[in-house]
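> You'll find my_file_6.cif just under this line, and it carries mmCIF, C-alpha atoms.
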data_data
loop_
_atom_site.label_atom_id
_atom_site.label_comp_id
_atom_site.auth_asym_id
_atom_site.auth_seq_id
_atom_site.Cartn_x
_atom_site.Cartn_y
_atom_site.Cartn_z
CA MET Q 1 -3.41 6.06 -4.03
CA ASN Q 2 0.17 6.63 -2.95
CA LYS Q 3 3.07 4.41 -3.90
CA PRO Q 4 3.05 1.48 -1.44
CA ILE Q 5 5.36 1.72 1.54
CA VAL Q 6 7.57 -1.34 1.46
CA VAL Q 7 8.38 -3.09 4.72
CA SER Q 8 11.69 -4.85 4.07
CA ILE Q 9 12.96 -7.97 5.76
CA ALA Q 10 13.61 -7.20 9.44
CA ASP Q 11 11.85 -3.87 9.18
CA MET Q 12 8.85 -1.96 10.52
CA GLN Q 13 6.74 0.77 8.92
CA ILE Q 14 3.87 2.79 10.33
CA SER Q 15 1.64 5.29 8.60
CA ASP Q 16 -1.30 7.48 9.55
CA ASN Q 17 -2.09 8.51 5.98
CA PRO Q 18 -5.29 6.77 4.81
CA ASN Q 19 -4.06 6.90 1.20
CA ASP Q 20 -1.11 4.68 2.04
CA THR Q 21 -0.68 0.97 1.57
CA LEU Q 22 1.87 -1.00 3.57
CA VAL Q 23 3.32 -4.05 1.83
CA THR Q 24 5.84 -6.75 2.63
CA TYR Q 25 6.98 -9.24 0.00
CA SER Q 26 7.73 -12.93 0.10
CA LEU Q 27 7.31 -14.03 3.66
CA GLY Q 28 8.77 -17.52 3.90
CA SER Q 29 9.31 -18.59 7.47
CA CYS Q 30 9.22 -14.90 8.43
CA ILE Q 31 6.08 -13.42 9.93
CA ALA Q 32 4.34 -10.13 9.38
CA VAL Q 33 2.52 -8.59 12.32
CA VAL Q 34 -0.07 -6.14 11.05
CA LEU Q 35 -1.83 -3.66 13.34
CA TYR Q 36 -4.65 -1.36 12.32
CA HIS Q 37 -6.74 1.21 14.11
CA PRO Q 38 -10.11 1.36 12.29
CA TYR Q 39 -11.24 4.80 13.50
CA ILE Q 40 -8.12 6.88 13.12
CA LYS Q 41 -6.86 4.73 10.23
CA ILE Q 42 -3.35 4.20 11.50
CA GLY Q 43 -1.58 1.06 10.35
CA GLY Q 44 1.68 -0.63 11.25
CA MET Q 45 3.50 -3.61 9.82
CA LEU Q 46 6.48 -5.55 11.12
CA HIS Q 47 8.45 -8.22 9.21
CA VAL Q 48 10.32 -10.41 11.72
CA MET Q 49 12.58 -13.34 10.88
CA LEU Q 50 13.34 -15.22 14.07
CA PRO Q 51 11.71 -15.91 17.44
CA ASP Q 52 14.43 -15.01 19.90
CA SER Q 53 17.16 -12.35 19.96
CA THR Q 54 19.35 -14.10 22.52
CA ILE Q 55 21.15 -15.90 19.66
CA ASP Q 56 22.34 -12.60 18.21
CA ARG Q 57 26.02 -11.97 18.79
CA SER Q 58 26.31 -8.62 17.06
CA GLU Q 59 27.04 -5.43 18.96
CA ILE Q 60 24.14 -3.49 17.55
CA ILE Q 61 21.05 -5.61 17.17
CA ASN Q 62 18.34 -4.71 14.69
CA PRO Q 63 15.26 -5.32 16.89
CA PHE Q 64 13.01 -5.90 13.90
CA LYS Q 65 14.73 -9.20 13.16
CA TYR Q 66 13.24 -10.77 16.26
CA VAL Q 67 9.80 -11.45 17.66
CA ASP Q 68 10.84 -10.74 21.25
CA LEU Q 69 12.21 -7.26 20.44
CA GLY Q 70 10.23 -6.25 17.35
CA VAL Q 71 6.66 -6.94 18.44
CA PRO Q 72 6.80 -4.76 21.59
CA LEU Q 73 8.37 -1.96 19.55
CA LEU Q 74 5.58 -2.11 16.97
CA PHE Q 75 2.95 -1.80 19.70
CA LYS Q 76 4.87 0.98 21.48
CA ASN Q 77 5.07 3.01 18.30
CA MET Q 78 1.37 2.54 17.59
CA PHE Q 79 0.56 3.64 21.16
CA LYS Q 80 2.69 6.75 20.66
CA LEU Q 81 0.40 7.76 17.80
CA GLY Q 82 -2.61 7.52 20.06
CA CYS Q 83 -3.76 3.97 19.45
CA LYS Q 84 -5.17 2.11 22.43
CA ARG Q 85 -4.44 -1.56 22.88
CA GLY Q 86 -8.07 -2.68 22.78
CA SER Q 87 -8.91 -0.79 19.62
CA LEU Q 88 -6.21 -2.32 17.42
CA ILE Q 89 -6.99 -5.06 14.92
CA THR Q 90 -4.15 -7.57 14.93
CA SER Q 91 -3.30 -9.81 11.97
CA ILE Q 92 -0.54 -12.40 11.74
CA VAL Q 93 0.66 -13.64 8.33
CA GLY Q 94 3.47 -15.96 7.19
CA GLY Q 95 5.42 -18.54 9.16
CA SER Q 96 5.57 -21.22 6.51
CA ASN Q 97 8.25 -23.88 6.31
CA VAL Q 98 10.46 -25.03 3.47
CA MET Q 99 9.14 -28.49 2.81
CA ASP Q 100 11.67 -31.10 3.78
CA ASN Q 101 11.06 -34.77 4.09
CA ASN Q 102 11.06 -34.99 7.86
CA ASN Q 103 9.48 -31.60 8.54
CA PHE Q 104 12.34 -30.80 10.82
CA PHE Q 105 13.00 -27.15 10.19
CA ASN Q 106 10.02 -25.44 11.68
CA ILE Q 107 11.27 -21.89 12.07
CA GLY Q 108 7.96 -20.62 10.74
CA GLU Q 109 6.09 -22.50 13.42
CA ARG Q 110 8.51 -21.32 16.11
CA ASN Q 111 8.04 -17.72 15.00
CA TYR Q 112 4.29 -18.11 15.17
CA GLN Q 113 4.34 -19.71 18.61
CA ALA Q 114 6.63 -16.97 19.93
CA ILE Q 115 4.23 -14.29 18.70
CA ARG Q 116 1.16 -16.07 20.05
CA LYS Q 117 2.76 -16.45 23.46
CA MET Q 118 3.81 -12.82 23.57
CA LEU Q 119 0.42 -11.49 22.51
CA TRP Q 120 -1.43 -13.81 24.88
CA ARG Q 121 0.71 -12.66 27.79
CA ASN Q 122 -0.19 -9.08 26.94
CA ASN Q 123 -3.89 -9.73 26.48
CA VAL Q 124 -3.85 -9.03 22.77
CA ILE Q 125 -6.26 -11.04 20.67
CA ILE Q 126 -5.23 -12.14 17.18
CA ASN Q 127 -8.15 -11.06 15.01
CA LYS Q 128 -7.03 -12.47 11.67
CA GLU Q 129 -4.34 -14.92 10.74
CA ASP Q 130 -2.99 -16.83 7.78
CA VAL Q 131 0.03 -18.88 8.81
CA GLY Q 132 1.88 -22.12 8.19
CA GLY Q 133 1.99 -24.49 5.27
CA SER Q 134 4.67 -24.43 2.61
CA LYS Q 135 3.61 -21.37 0.71
CA SER Q 136 5.02 -17.92 0.40
CA ARG Q 137 2.99 -14.84 1.08
CA THR Q 138 2.98 -11.17 0.21
CA VAL Q 139 0.77 -9.09 2.49
CA ARG Q 140 -0.76 -5.67 2.00
CA LEU Q 141 -2.59 -3.41 4.43
CA PHE Q 142 -4.83 -0.74 2.89
CA LEU Q 143 -5.08 2.07 5.39
CA GLU Q 144 -8.28 3.57 4.03
CA THR Q 145 -10.27 0.38 4.58
CA GLY Q 146 -8.10 -1.69 6.89
CA LYS Q 147 -8.25 -4.56 4.42
CA VAL Q 148 -5.45 -7.09 4.79
CA VAL Q 149 -4.80 -8.83 1.46
CA VAL Q 150 -2.52 -11.85 1.12
CA SER Q 151 -1.17 -12.97 -2.25
CA ASN Q 152 1.36 -15.22 -3.90
CA ALA Q 153 2.09 -16.38 -7.44
CA LYS Q 154 -1.20 -18.25 -7.62
CA GLU Q 155 -3.84 -16.57 -5.53
CA GLU Q 156 -4.94 -13.44 -3.73
CA TYR Q 157 -7.42 -13.21 -0.89
CA GLU Q 158 -8.58 -10.90 1.85
CA LEU Q 159 -8.22 -11.95 5.47
CA MET L 1 9.44 -30.54 -24.45
CA ILE L 2 12.32 -28.29 -25.38
CA THR L 3 14.95 -29.55 -27.76
CA LEU L 4 18.65 -29.35 -27.07
CA ASN L 5 18.83 -27.09 -30.10
CA ASP L 6 16.45 -24.59 -28.45
CA ILE L 7 18.74 -24.40 -25.45
CA VAL L 8 21.91 -24.03 -27.50
CA GLN L 9 20.34 -21.23 -29.49
CA ALA L 10 19.09 -19.47 -26.38
CA ILE L 11 22.54 -19.61 -24.81
CA GLU L 12 24.20 -18.26 -27.92
CA PHE L 13 21.63 -15.50 -28.05
CA LEU L 14 22.69 -14.24 -24.61
CA PRO L 15 24.92 -11.16 -24.71
CA ALA L 16 28.56 -12.25 -24.62
CA PHE L 17 30.32 -12.36 -21.27
CA ASN L 18 32.72 -9.43 -20.92
CA LYS L 19 36.02 -10.66 -22.41
CA ASN L 20 38.24 -8.55 -20.22
CA ALA L 21 36.39 -9.67 -17.11
CA GLN L 22 36.85 -13.25 -18.25
CA LYS L 23 40.58 -12.72 -18.72
CA ALA L 24 40.84 -11.09 -15.31
CA LEU L 25 38.98 -13.96 -13.63
CA GLU L 26 41.33 -16.46 -15.29
CA LEU L 27 44.40 -14.53 -14.25
CA ILE L 28 43.27 -14.34 -10.61
CA ARG L 29 43.17 -18.14 -10.45
CA SER L 30 46.38 -18.75 -12.37
CA ASP L 31 49.85 -19.31 -10.92
CA ASN L 32 51.42 -16.26 -12.53
CA TYR L 33 49.04 -13.82 -10.90
CA THR L 34 50.30 -10.41 -9.86
CA ASN L 35 48.35 -7.30 -8.84
CA LYS L 36 50.08 -5.44 -11.63
CA LYS L 37 48.98 -7.86 -14.34
CA LEU L 38 45.40 -7.72 -13.08
CA ALA L 39 45.42 -3.91 -13.12
CA GLU L 40 46.72 -3.96 -16.69
CA ILE L 41 43.82 -6.09 -17.90
CA ILE L 42 41.16 -4.11 -16.09
CA LYS L 43 42.54 -0.74 -17.17
CA LEU L 44 41.90 -1.67 -20.81
CA ASP L 45 38.18 -1.66 -20.11
CA ALA L 46 36.82 1.73 -19.11
CA SER L 47 33.42 0.58 -17.92
CA LEU L 48 34.87 -2.34 -15.96
CA THR L 49 37.30 0.07 -14.31
CA ALA L 50 34.59 2.56 -13.47
CA ASN L 51 32.33 -0.13 -12.03
CA ILE L 52 35.04 -1.67 -9.89
CA LEU L 53 35.92 1.73 -8.48
CA LYS L 54 32.27 2.42 -7.77
CA VAL L 55 31.87 -0.82 -5.85
CA SER L 56 35.21 -0.32 -4.07
CA ASN L 57 33.92 2.97 -2.75
CA SER L 58 30.52 1.65 -1.77
CA ALA L 59 29.25 0.93 1.71
CA LEU L 60 30.26 -2.71 1.27
CA TYR L 61 33.95 -1.99 1.54
CA ALA L 62 33.96 1.17 3.62
CA LYS L 63 37.43 2.63 3.13
CA PRO L 64 39.00 5.45 5.08
CA LYS L 65 39.84 7.20 1.80
CA HIS L 66 38.18 7.43 -1.58
CA VAL L 67 39.82 5.06 -4.06
CA TYR L 68 40.55 6.71 -7.42
CA ASP L 69 42.61 4.18 -9.30
CA ILE L 70 42.38 0.52 -10.06
CA SER L 71 45.81 -0.46 -8.71
CA THR L 72 44.94 0.96 -5.31
CA ALA L 73 41.58 -0.81 -5.39
CA ILE L 74 43.26 -4.12 -6.11
CA SER L 75 45.82 -3.80 -3.37
CA LEU L 76 43.23 -2.61 -0.83
CA LEU L 77 40.59 -5.23 -1.59
CA GLY L 78 42.75 -8.17 -2.60
CA LYS L 79 42.21 -10.58 -5.45
CA GLN L 80 39.44 -12.57 -3.77
CA GLN L 81 37.19 -9.50 -3.44
CA ILE L 82 38.08 -8.34 -6.93
CA PHE L 83 37.06 -11.76 -8.26
CA SER L 84 33.64 -11.39 -6.58
CA ILE L 85 33.19 -7.82 -7.77
CA LEU L 86 34.13 -8.74 -11.35
CA SER L 87 31.58 -11.55 -11.35
CA LEU L 88 28.93 -9.28 -9.92
CA ILE L 89 29.29 -6.45 -12.36
CA SER L 90 29.64 -8.67 -15.39
CA THR L 91 26.54 -10.76 -14.63
CA GLN L 92 24.13 -8.24 -13.09
CA ASP L 93 22.71 -7.21 -16.46
CA TYR L 94 21.69 -10.78 -17.29
CA PHE L 95 19.23 -10.62 -14.41
CA SER L 96 17.61 -7.31 -15.30
CA ASN L 97 14.43 -8.75 -16.86
CA LEU L 98 11.40 -10.22 -15.18
CA PHE L 99 11.84 -14.01 -15.11
CA ASP L 100 8.25 -14.81 -14.39
CA GLY L 101 8.70 -18.55 -14.61
CA TYR L 102 10.41 -18.18 -11.24
CA GLU L 103 9.66 -14.78 -9.78
CA VAL L 104 6.62 -12.58 -9.25
CA HIS L 105 8.48 -9.29 -9.01
CA LYS L 106 11.48 -8.28 -11.02
CA GLY L 107 14.65 -8.53 -8.96
CA GLU L 108 13.66 -11.45 -6.75
CA LEU L 109 15.82 -13.94 -8.62
CA TRP L 110 18.75 -11.53 -8.47
CA GLU L 111 18.27 -11.00 -4.72
CA HIS L 112 18.15 -14.73 -4.17
CA ASN L 113 21.40 -15.15 -6.10
CA LEU L 114 23.09 -12.35 -4.18
CA SER L 115 22.02 -13.85 -0.88
CA VAL L 116 23.35 -17.29 -1.86
CA ALA L 117 26.62 -15.64 -2.93
CA VAL L 118 27.07 -13.87 0.40
CA LEU L 119 26.05 -16.95 2.40
CA THR L 120 28.36 -19.30 0.46
CA GLU L 121 31.28 -17.02 1.17
CA ASN L 122 30.33 -16.43 4.80
CA LEU L 123 29.88 -20.14 5.54
CA ALA L 124 33.37 -21.09 4.30
CA TYR L 125 34.32 -21.80 7.91
CA LEU L 126 32.30 -25.03 7.70
CA GLU L 127 34.87 -26.50 5.32
CA LYS L 128 38.60 -27.04 5.53
CA ASP L 129 40.96 -26.58 2.60
CA ILE L 130 38.68 -24.72 0.31
CA ASP L 131 39.43 -22.19 -2.42
CA LYS L 132 37.65 -19.15 -1.02
CA THR L 133 38.25 -17.05 -4.14
CA ILE L 134 35.36 -18.49 -6.09
CA LEU L 135 32.79 -19.09 -3.33
CA PHE L 136 30.89 -15.84 -3.84
CA THR L 137 30.73 -16.37 -7.60
CA ALA L 138 29.69 -20.04 -7.29
CA GLY L 139 26.75 -18.89 -5.16
CA LEU L 140 25.95 -15.95 -7.40
CA LEU L 141 25.69 -18.03 -10.54
CA HIS L 142 24.18 -21.28 -9.23
CA ASP L 143 20.75 -20.38 -10.64
CA ILE L 144 21.88 -18.72 -13.89
CA GLY L 145 20.01 -21.41 -15.85
CA LYS L 146 16.73 -19.86 -14.72
CA ILE L 147 17.27 -16.83 -16.97
CA ILE L 148 16.87 -19.13 -19.96
CA LEU L 149 14.45 -21.73 -18.65
CA SER L 150 12.05 -19.13 -17.26
CA ILE L 151 10.00 -18.65 -20.43
CA TRP L 152 9.43 -22.41 -20.74
CA VAL L 153 8.60 -22.81 -17.07
CA LYS L 154 6.11 -19.98 -17.43
CA LYS L 155 4.56 -21.59 -20.50
CA GLU L 156 4.21 -24.97 -18.82
CA ALA L 157 3.38 -23.57 -15.37
CA ASP L 158 0.08 -25.45 -15.17
CA ARG L 159 1.63 -28.85 -15.82
CA ILE L 160 4.57 -28.20 -13.49
CA ASP L 161 2.30 -26.94 -10.72
CA TYR L 162 0.05 -29.96 -11.17
CA LEU L 163 2.93 -32.36 -10.61
CA VAL L 164 4.12 -30.42 -7.56
CA GLU L 165 0.73 -30.07 -5.96
CA ASN L 166 -0.92 -33.35 -6.87
CA GLU L 167 1.88 -35.81 -7.44
CA GLY L 168 4.09 -34.72 -4.58
CA MET L 169 6.97 -34.02 -6.93
CA ASP L 170 9.49 -31.38 -5.99
CA PHE L 171 9.95 -28.45 -8.34
CA ILE L 172 13.20 -29.54 -9.95
CA SER L 173 11.83 -33.02 -10.74
CA ALA L 174 8.76 -31.40 -12.25
CA GLU L 175 11.01 -29.26 -14.46
CA GLN L 176 12.80 -32.38 -15.63
CA SER L 177 9.59 -34.28 -16.19
CA VAL L 178 7.70 -31.58 -18.10
CA LEU L 179 10.51 -29.80 -19.95
CA GLY L 180 13.15 -32.49 -20.22
CA PHE L 181 15.73 -30.11 -18.75
CA THR L 182 16.33 -28.52 -15.37
CA HIS L 183 17.64 -25.05 -14.61
CA SER L 184 20.71 -26.80 -13.17
CA ASP L 185 21.59 -28.45 -16.49
CA ILE L 186 21.12 -25.25 -18.41
CA GLY L 187 23.03 -23.18 -15.86
CA ALA L 188 26.00 -25.48 -16.26
CA SER L 189 25.86 -25.11 -20.06
CA ILE L 190 25.81 -21.32 -19.85
CA LEU L 191 28.78 -21.21 -17.49
CA LYS L 192 30.71 -23.62 -19.68
CA HIS L 193 29.95 -21.39 -22.65
CA TRP L 194 31.43 -18.49 -20.69
CA ASN L 195 34.56 -20.51 -19.82
CA LEU L 196 34.13 -20.09 -16.09
CA PRO L 197 36.00 -22.35 -13.61
CA LYS L 198 34.72 -25.91 -13.35
CA GLU L 199 33.89 -25.61 -9.62
CA ILE L 200 31.44 -22.83 -10.47
CA ILE L 201 29.91 -24.98 -13.21
CA SER L 202 29.58 -27.91 -10.78
CA SER L 203 27.74 -25.80 -8.23
CA ALA L 204 25.20 -24.77 -10.84
CA LYS L 205 24.80 -28.31 -12.11
CA HIS L 206 24.60 -30.18 -8.82
CA HIS L 207 23.03 -27.92 -6.22
CA HIS L 208 19.84 -30.00 -6.30
CA ASP L 209 20.91 -33.52 -7.18
CA ASN L 210 23.49 -34.46 -4.53
CA LYS L 211 25.57 -36.14 -7.24
CA LEU L 212 28.71 -34.19 -6.54
CA PHE L 213 28.31 -34.26 -2.83
CA ASN L 214 32.01 -34.78 -2.18
CA ASP L 215 32.73 -31.30 -3.54
CA PRO L 216 32.82 -28.85 -0.60
CA ILE L 217 31.82 -25.91 -2.80
CA VAL L 218 28.73 -27.70 -4.06
CA ARG L 219 27.83 -28.51 -0.44
CA LEU L 220 28.18 -24.89 0.64
CA VAL L 221 26.12 -23.60 -2.28
CA THR L 222 23.40 -26.16 -1.59
CA LEU L 223 23.24 -25.22 2.08
CA SER L 224 23.20 -21.51 1.22
CA ASP L 225 20.40 -22.08 -1.27
CA PHE L 226 18.31 -23.66 1.50
CA LEU L 227 19.10 -20.82 3.91
CA SER L 228 18.23 -18.18 1.34
CA PHE L 229 14.83 -19.77 0.75
CA THR L 230 14.23 -20.04 4.47
CA MET L 231 15.01 -16.34 4.79
CA GLY L 232 12.30 -15.74 2.21
CA PHE L 233 14.34 -14.91 -0.89
CA LEU L 234 12.58 -16.06 -4.02
CA ALA L 235 9.99 -17.59 -1.73
CA GLN L 236 7.20 -16.76 -4.15
CA LYS L 237 7.40 -19.68 -6.48
CA ASP L 238 9.33 -22.88 -6.62
CA ASN L 239 11.50 -23.19 -3.63
CA MET L 240 9.19 -24.11 -0.82
CA TYR L 241 8.81 -27.37 -2.70
CA MET L 242 12.38 -28.57 -2.87
CA LYS L 243 13.22 -31.83 -1.17
CA SER L 244 16.86 -31.98 -2.13
CA TYR L 245 18.33 -30.34 0.96
CA ASP L 246 18.07 -33.19 3.46
CA GLN L 247 21.44 -34.66 2.66
CA VAL L 248 23.39 -31.44 3.04
CA LEU L 249 21.62 -30.56 6.29
CA GLN L 250 22.43 -33.97 7.69
CA TYR L 251 26.01 -33.72 6.50
CA TYR L 252 26.61 -30.52 8.45
CA ASN L 253 24.40 -31.83 11.28
CA ILE L 254 22.26 -28.72 11.18
CA LYS L 255 19.23 -28.38 13.45
CA THR L 256 16.53 -25.72 13.58
CA LYS L 257 18.50 -23.75 16.17
CA ASP L 258 21.57 -23.77 13.93
CA VAL L 259 19.53 -22.51 11.00
CA GLU L 260 18.26 -19.66 13.16
CA LYS L 261 21.80 -18.85 14.24
CA MET L 262 23.04 -18.84 10.66
CA ILE L 263 20.22 -16.54 9.63
CA ALA L 264 20.91 -14.21 12.56
CA ASP L 265 24.65 -14.15 11.84
CA ASN L 266 24.36 -13.52 8.12
CA ILE L 267 21.24 -11.53 7.37
CA ASP L 268 22.94 -8.15 7.87
CA SER L 269 25.65 -8.78 5.29
CA VAL L 270 23.06 -10.27 2.92
CA LEU L 271 20.84 -7.19 3.18
CA THR L 272 23.78 -4.79 2.81
CA THR L 273 24.86 -6.51 -0.39
CA ILE L 274 21.32 -6.57 -1.77
CA ASN L 275 20.91 -2.87 -1.03
CA GLU L 276 24.17 -2.08 -2.74
CA PHE L 277 23.29 -3.98 -5.90
CA LYS L 278 19.59 -3.30 -6.26
CA LEU L 279 18.21 -3.84 -9.74
CA ILE L 280 14.99 -1.92 -9.32
CA ASP L 281 12.49 -0.84 -6.70
CA LYS L 282 9.63 -3.21 -6.31
CA GLY L 283 6.35 -1.38 -6.41
#
Is it possible to give me this structure as structure tokens?

Amino acid sequence: MNKPIVVSIADMQISDNPNDTLVTYSLGSCIAVVLYHPYIKIGGMLHVMLPDSTIDRSEIINPFKYVDLGVPLLFKNMFKLGCKRGSLITSIVGGSNVMDNNNFFNIGERNYQAIRKMLWRNNVIINKEDVGGSKSRTVRLFLETGKVVVSNAKEEYEL
Amino acid sequence: MITLNDIVQAIEFLPAFNKNAQKALELIRSDNYTNKKLAEIIKLDASLTANILKVSNSALYAKPKHVYDISTAISLLGKQQIFSILSLISTQDYFSNLFDGYEVHKGELWEHNLSVAVLTENLAYLEKDIDKTILFTAGLLHDIGKIILSIWVKKEADRIDYLVENEGMDFISAEQSVLGFTHSDIGASILKHWNLPKEIISSAKHHHDNKLFNDPIVRLVTLSDFLSFTMGFLAQKDNMYMKSYDQVLQYYNIKTKDVEKMIADNIDSVLTTINEFKLIDKG
């Protein structure tokens, strides 16, 4: 097994090596979009932070910060490697909220809704998901098997 | 329960804070500060000098020319930046272990602290009349108590988790209830022991209890702490269960959209700083 490929915050990684594992650590309100092609064993993972890039005032925008820019790029790059839309397994993980008394800061929920809307509009079905709540998540994709494993300080489970 | 004596011993057992760095930090905040005096103190300490030059030439402070001597570094960066750099290089080593009472992977606590440091400094515009020199350091050291309390939190993890999950207690109250101390109390004691400025001590002591809410630096550190957690730093363990942020968010009248904007505006500088001061690669 190779050393895991780390997907940082606001980052995307893709691999077509079945010995690889993609991992992203500590998703709070951020969301990981995980794509996997079960026959050719190509996997991609995106770690986005925010729903909408229109709030970004910087000159050069890192597209992987945002759902609206990052998700299409992840799909495009998977397509470039020969993946077809219908054959990809799509998993969504993360989108939790820091617990506050009035449950007011729902960035996690907004991220999730933005992704759902975008995928729905493009006829992509979400096959597996583990979102919401007040917990943090680390997510791994094993390219050999396509297993998506979610963990935190207390538990570990396969989606 | 831990005794006060346990804590005192643990603090004394910590490696001493670099004396020259301490002197330099004091000088920067004193009335008889000059660049020359600062250079004289730093020059006495070869490793401090080398580290400051290294940071001065890093991607963080991209300079047209390579900086070779400390006097040039001081005049190029200014005393505020030098204060931040001094704090960084003299505290980084304290965070080099795994503090598994609070983090799953080594380096997460450090990254959280760095992100709070950058955010506290970047958000200074929210306050008027504030001493910007110490903002970065106040953020950087707000959680220093965790380096000592970690072993006890780890030992009592079951009881603490029980209170959080079944009694609806937030993490800091559970610390207090099970251990008799919080990481805020202990952080303040460490910083006092190191003779650091009182505003920095206050930020460590009060970033969860809203008791010193009239102090703008405490407010900024508290807000930055919330933002860092929301970004996902140190999201593995305690922080998703902290209820102490309501007051600061109301004070600044911050809504979800504002939080998103603050994340968007600041994440690049946070990530650059984290990259520059990485402890280890997570594997």
> Report, in Å with one decimal, the straight-line distance from atom CA of Thr54 of chain Q to atom CA of Val131 of chain Q.
24.2 Å
> Pick out the chain Q residues within 8 Å of chain L. Count all atoms listed in the file. Give them as a count of residues only.
30
> Near Lys278 of chain L, counting all atoms listed in the file, which residues have an atom at most 10 Å away, once you skip same-chain residues fewer than 4 positions from it, shown as a PyMOL selection string?
chain L and resi 92+107+110-111+114+273-274+282
> Could you list the residues chosen by the PyMOL selection byres ((chain Q and resi 2) around 6) in this structure as a compact mmCIF listing (two decimals) with C-alpha atoms, in the frame of the given file?

# COMPACT_ATOMS: atom_id res chain seq x y z
CA MET Q 1 -3.41 6.06 -4.03
CA LYS Q 3 3.07 4.41 -3.90
CA ASN Q 19 -4.06 6.90 1.20
CA ASP Q 20 -1.11 4.68 2.04
> Skipping near chain neighbours, those fewer than 5 positions away, what residues fall within 12 Å of Thr145 of chain Q using only C-alpha atoms, listed as a ChimeraX atom specification?
/Q:17-21,36-43,140,158
> Using only C-alpha atoms, which residues sit within 9 Å of Asn35 of chain L once same-chain residues fewer than 3 positions away are excluded, as a PyMOL selection string?
chain L and resi 28+38-40+71+74-75+78-79
> Using only C-alpha atoms, find the one residue out of L:Lys154, L:Lys65, L:Lys23, L:Lys192 that sits nearest to Val8 of chain L.
L:Lys192
> Would you please work out which residue, of Q:Glu156, Q:Met118, Q:Phe142, Q:Ser91, is nearest to Asp130 of chain Q when using all atoms listed in the file?
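Answer, going by the shortest atom-to-atom distance: Q:Ser91.
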> I'd like the residues picked by the PyMOL selection byres ((chain L and resi 178) around 12) written out as a list in words, using the chain letters and numbers from the file.
Met1, Ile2, Leu149, Trp152, Val153, Lys154, Lys155, Glu156, Ala157, Asp158, Arg159, Ile160, Asp161, Tyr162, Leu163, Val164, Met169, Phe171, Ile172, Ser173, Ala174, Glu175, Gln176, Ser177, Leu179, Gly180, Phe181 and Thr182 of chain L
> Could you rebuild segment 247-259 of chain L with N, CA and C atoms and give it back as a short mmCIF file (atom, residue, chain, number, x, y, z; two decimals), in the frame of the given file?

data_model
loop_
_atom_site.label_atom_id
_atom_site.label_comp_id
_atom_site.auth_asym_id
_atom_site.auth_seq_id
_atom_site.Cartn_x
_atom_site.Cartn_y
_atom_site.Cartn_z
N GLN L 247 20.12 -34.07 2.55
CA GLN L 247 21.44 -34.66 2.66
C GLN L 247 22.48 -33.65 3.17
N VAL L 248 22.40 -32.44 2.65
CA VAL L 248 23.39 -31.44 3.04
C VAL L 248 23.17 -31.01 4.50
N LEU L 249 21.91 -30.95 4.91
CA LEU L 249 21.62 -30.56 6.29
C LEU L 249 22.08 -31.63 7.26
N GLN L 250 21.93 -32.88 6.85
CA GLN L 250 22.43 -33.97 7.69
C GLN L 250 23.95 -33.96 7.74
N TYR L 251 24.55 -33.72 6.58
CA TYR L 251 26.01 -33.72 6.50
C TYR L 251 26.62 -32.73 7.50
N TYR L 252 26.08 -31.52 7.53
CA TYR L 252 26.61 -30.52 8.45
C TYR L 252 25.98 -30.63 9.84
N ASN L 253 25.10 -31.61 10.01
CA ASN L 253 24.40 -31.83 11.28
C ASN L 253 23.71 -30.54 11.76
N ILE L 254 22.89 -30.01 10.90
CA ILE L 254 22.26 -28.72 11.18
C ILE L 254 20.83 -28.92 11.69
N LYS L 255 20.56 -28.30 12.83
CA LYS L 255 19.23 -28.38 13.45
C LYS L 255 18.54 -27.01 13.34
N THR L 256 17.27 -26.98 13.69
CA THR L 256 16.53 -25.72 13.58
C THR L 256 17.27 -24.56 14.23
N LYS L 257 17.80 -24.81 15.45
CA LYS L 257 18.50 -23.75 16.17
C LYS L 257 19.70 -23.23 15.38
N ASP L 258 20.40 -24.17 14.71
CA ASP L 258 21.57 -23.77 13.93
C ASP L 258 21.15 -22.92 12.74
N VAL L 259 20.02 -23.29 12.13
CA VAL L 259 19.53 -22.51 11.00
C VAL L 259 19.23 -21.09 11.47
#
